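Written below as structure tokens is the structure these notes are about.
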Amino acid sequence: MGYQRRSFGPREMSKATCSDCGEECEVPFKPTEGRPVYCKTCWEKHRPPRREFRRY
């Protein structure tokens, strides 16, 4: 059985200013005051490393 991503329709996007580079961007969530928001380019620099899952 494989994993399938479900479609929930279009996401509501919110305008934000990137905390790193200052560029205007749109994010798929409502930004929370006091927490950083990153554009797609800056998010790649800040996101946690992906974990590897090995099959045995």
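Identifiers in the structure tokens: chain A, B, ... in order shown; residue index from 1 per chain; ligand index from 1 in order shown.
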DSSP on the backbone, helix (DSSP H, G or I) only: what residues of chain A does that give? Format it as a list of chain:residue names.
A:Lys40, A:Thr41, A:Cys42, A:Trp43, A:Glu44, A:Lys45, A:His46
Please produce a file of those selected residues containing N, CA and C atoms, as a PDB file, in the first residue's frame.
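Ended up saving to again-v5.pdb:
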```pdb
ATOM      1  N   LYS A  40      10.498  31.029   0.214  1.00  0.00           N
ATOM      2  CA  LYS A  40      10.904  29.678  -0.187  1.00  0.00           C
ATOM      3  C   LYS A  40      12.426  29.531  -0.221  1.00  0.00           C
ATOM      4  N   THR A  41      13.123  30.525  -0.737  1.00  0.00           N
ATOM      5  CA  THR A  41      14.577  30.462  -0.836  1.00  0.00           C
ATOM      6  C   THR A  41      15.223  30.410   0.540  1.00  0.00           C
ATOM      7  N   CYS A  42      14.790  31.279   1.453  1.00  0.00           N
ATOM      8  CA  CYS A  42      15.373  31.313   2.797  1.00  0.00           C
ATOM      9  C   CYS A  42      14.961  30.097   3.615  1.00  0.00           C
ATOM     10  N   TRP A  43      13.763  29.566   3.382  1.00  0.00           N
ATOM     11  CA  TRP A  43      13.316  28.374   4.112  1.00  0.00           C
ATOM     12  C   TRP A  43      14.260  27.207   3.845  1.00  0.00           C
ATOM     13  N   GLU A  44      14.748  27.100   2.605  1.00  0.00           N
ATOM     14  CA  GLU A  44      15.681  26.021   2.268  1.00  0.00           C
ATOM     15  C   GLU A  44      16.935  26.101   3.140  1.00  0.00           C
ATOM     16  N   LYS A  45      17.362  27.310   3.511  1.00  0.00           N
ATOM     17  CA  LYS A  45      18.553  27.482   4.358  1.00  0.00           C
ATOM     18  C   LYS A  45      18.261  27.170   5.824  1.00  0.00           C
ATOM     19  N   HIS A  46      17.027  27.390   6.274  1.00  0.00           N
ATOM     20  CA  HIS A  46      16.685  27.278   7.692  1.00  0.00           C
ATOM     21  C   HIS A  46      15.976  25.989   8.090  1.00  0.00           C
TER      22      HIS A  46
END
```
Extract, using only C-alpha atoms, all DNA, RNA and protein residues at most 8 Å from Glu24 (chain A), discarding same-chain residues fewer than 3 positions from it, and format them as a ChimeraX atom specification.
/A:15-18,39
Just want the 12 Å neighbourhood of Lys30 (chain A), counted on only C-alpha atoms, with same-chain residues fewer than 3 positions away dropped. Output as a PyMOL selection string.
chain A and resi 11-16+26-27+33+35-37
Please identify which residues in chain A DSSP calls strand (DSSP E or B) from the backbone, and express them as a list in words.
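Residues of chain A classed as strand (DSSP E or B): Ser14, Lys15, Ala16, Thr17, Glu24, Cys25, Glu26 and Val27 of chain A.
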Generate the output file for the selected residues, N, CA and C atoms, as a tab-separated table (two decimals), in the first residue's frame.
```tsv
chain	number	residue	atom	x	y	z
A	14	SER	N	-1.37	33.60	2.69
A	14	SER	CA	-1.27	34.86	3.43
A	14	SER	C	-0.02	35.59	2.99
A	15	LYS	N	-0.11	36.90	2.88
A	15	LYS	CA	1.05	37.70	2.53
A	15	LYS	C	1.91	37.88	3.77
A	16	ALA	N	3.23	37.86	3.57
A	16	ALA	CA	4.17	38.00	4.68
A	16	ALA	C	5.45	38.63	4.17
A	17	THR	N	6.29	39.05	5.09
A	17	THR	CA	7.62	39.56	4.77
A	17	THR	C	8.63	38.59	5.33
A	24	GLU	N	8.83	40.35	0.08
A	24	GLU	CA	7.41	40.01	0.24
A	24	GLU	C	7.22	38.60	-0.30
A	25	CYS	N	6.41	37.81	0.38
A	25	CYS	CA	6.14	36.45	-0.07
A	25	CYS	C	4.74	36.04	0.37
A	26	GLU	N	4.30	34.90	-0.12
A	26	GLU	CA	3.02	34.33	0.30
A	26	GLU	C	3.31	32.98	0.93
A	27	VAL	N	2.63	32.71	2.04
A	27	VAL	CA	2.82	31.46	2.75
A	27	VAL	C	1.47	30.77	2.94
```
For CA of Phe29 (chain A) and CA of Pro48 (chain A), the interatomic separation in Å (one decimal)
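If I compute the distance from CA of Phe29 (chain A) to CA of Pro48 (chain A), I get 18.6 Å.
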Across A:Arg55, A:Cys21, A:Arg50, A:Phe8, the smallest distance to Tyr38 (chain A), with only C-alpha atoms counted, is shown by A:Cys21
